Amino acid sequence: MAIELDVPGIDGLGAAVGVLREWQYDGAPMQLHPGDVGWFWRFGASATAAAVRTWSRDGRILAVGLLDGPELLRLTIAPDVRQDEELAHRLVADLTDPERGVLEEGRAYVEAPVGTPVQDLLCRTGWTVDEPWTPLRRDLSEPVADPGVRIEVIGPEQARVRAAVQRASFGTSTFTEDHWHAMAAGVPYADARCLVAYDDRGDAVATVTVWSAGPGKPGVLEPMGVHRDHRGRGHGRAITVAAAASLRELGSSSALVCTPSSHAAAVATYKAAGFEPLPEVRDRRRDADACRRS
């Protein structure tokens with residue numbers, strides 16, 4: 001059977017998220033997680049559907065991609081077909097030809113699981129490696145210590161606070177209360193929680209969203225931030241410990257996070273919260289002039 005590329009539409013998002021849940025397991029290479037789709041859902045169901053791509057054969061989804069911006073495709077593949085050469089060649093053909101409706105011409109990035117033929121094929125067609133990222137993992141088989149600060153699970157009534165801390169944590173963030181409501185209405189948020197940490201004065205100082213993929217599977221932190229006016233006081237470590245505890249309550253087997261290796265402070269924060277660094281990963285990058293040379 002031929003492999004079919006599809007934009008699943010709103011009605012197909014549930015199936016795409018469902019297979020992403022199935023594909024998560026401890027020891028898997030760092031890959032697209034239901035929580036990544038869930039965080040994107042802040043832009044609404046229609047925008048999320050437009051950003052998702054699926055590749056199927058005989059009615060079965062074999063690969064899922066999320067266009068996390070016009071230049072970056074975050075791609076993962078069903079574990080049992082990661083070495084499927086036919087699928088790899090089809091994926092790379094679709095990624096490199098702008099007319100296929102995945103990535104536009106010019107500079108582009110692909111995040112794909114390490115050790116798949118997709119990585120090698122992209123290299124052969126002129127894609128280089130981009131800056132390194134550091135994945136980190138915390139095992140959740142044992143109870144997690146108290147974070148030492150007051151933590152609140154955010155519901156609709158506190159969405160304004162959650163959004164305000166997000167914007168104060170990331171200089172370019174446009175996250176709003178409406179974005180939170182859109183995200184919370186998405187399919188992946190059924191397995192998620194938003195947390196906010198408060199200091200002794202009652203100020204909201206840090207926030208995180210955690211995403212479970214179901215009992216016995218790894219969950220992710222996406223995103224975690226500390227208010228710019230409250231940094232350097234251990235709040236990043238505290239909210240990260242709280243995130244791990246929340247994922248354990250949701251049944252996750254482990255907690256994962258990935259940050260640019262150049263962000264030494266972020267790596268140090270996660271390590272202080274009990275996360276262990278894994279081997280670095282790199283996206284594949286096509287430079288803007290690569291197409292003109294080809």
# chains A, B, ... in the order shown; residues from 1 in each chain; ligands from 1
call {"tool": "select_by_dssp", "arguments": {"residues": "stretch 70-220 of chain A", "states": "alpha helix (DSSP H)", "output": "ChimeraX atom specification"}}
result
/A:85-96,117-124,159-169,177-184
call {"tool": "residues_around", "arguments": {"residues": "A:Arg42", "least_positions_apart": "5", "cutoff": "6 Å", "atoms": "only C-alpha atoms", "output": "list in words"}}
result
His179, Ala182 and Met183 of chain A
call {"tool": "closest_residue", "arguments": {"among": "A:Trp23, A:Trp180, A:Trp133, A:Trp211", "to": "A:Glu249", "atoms": "only C-alpha atoms"}}
result
A:Trp211
call {"tool": "atom_distance", "arguments": {"atom1": "atom CA of A:Ala112", "atom2": "atom CA of A:Ala190"}}
result
25.9 Å
call {"tool": "closest_atom_pairs", "arguments": {"of": "stretch 67-154 of chain A", "to": "stretch 258-276 of chain A", "cutoff": "10 Å", "atoms": "only C-alpha atoms", "output": "CSV"}}
result
residue,atom,partner,partner_atom,distance
A:Glu131,CA,A:Pro260,CA,7.7
A:Pro132,CA,A:Ser261,CA,5.7
A:Trp133,CA,A:Pro260,CA,4.2
A:Thr134,CA,A:Ser261,CA,5.2
A:Pro135,CA,A:Cys258,CA,4.1
A:Leu136,CA,A:Glu276,CA,5.2
A:Arg137,CA,A:Phe275,CA,5.0
A:Arg138,CA,A:Phe275,CA,4.4
A:Asp139,CA,A:Phe275,CA,7.9
A:Val144,CA,A:Gly274,CA,9.4
A:Ala145,CA,A:Ala273,CA,9.9
A:Pro147,CA,A:Ala273,CA,9.1
call {"tool": "write_last_selection", "arguments": {"atoms": "C-alpha atoms", "output": "short mmCIF file (atom, residue, chain, number, x, y, z; two decimals), in the first residue's frame"}}
result
data_model
loop_
_atom_site.label_atom_id
_atom_site.label_comp_id
_atom_site.auth_asym_id
_atom_site.auth_seq_id
_atom_site.Cartn_x
_atom_site.Cartn_y
_atom_site.Cartn_z
CA GLU A 131 22.77 23.65 17.76
CA PRO A 132 22.73 20.94 20.47
CA TRP A 133 19.87 20.42 22.92
CA THR A 134 20.11 18.57 26.22
CA PRO A 135 17.29 16.16 27.14
CA LEU A 136 16.93 15.46 30.85
CA ARG A 137 14.98 12.72 32.62
CA ARG A 138 13.80 12.07 36.16
CA ASP A 139 12.61 8.62 37.21
CA VAL A 144 9.04 13.14 45.07
CA ALA A 145 10.07 15.42 47.94
CA PRO A 147 9.14 21.45 46.70
#
call {"tool": "closest_residue", "arguments": {"among": "A:Pro223, A:Pro218, A:Gly202, A:Gly69", "to": "A:Ile239", "atoms": "only C-alpha atoms"}}
result
A:Pro223
call {"tool": "closest_residue", "arguments": {"among": "A:Asp203, A:Ile61, A:Phe40, A:Gly214", "to": "A:Asp80", "atoms": "only C-alpha atoms"}}
result
A:Ile61
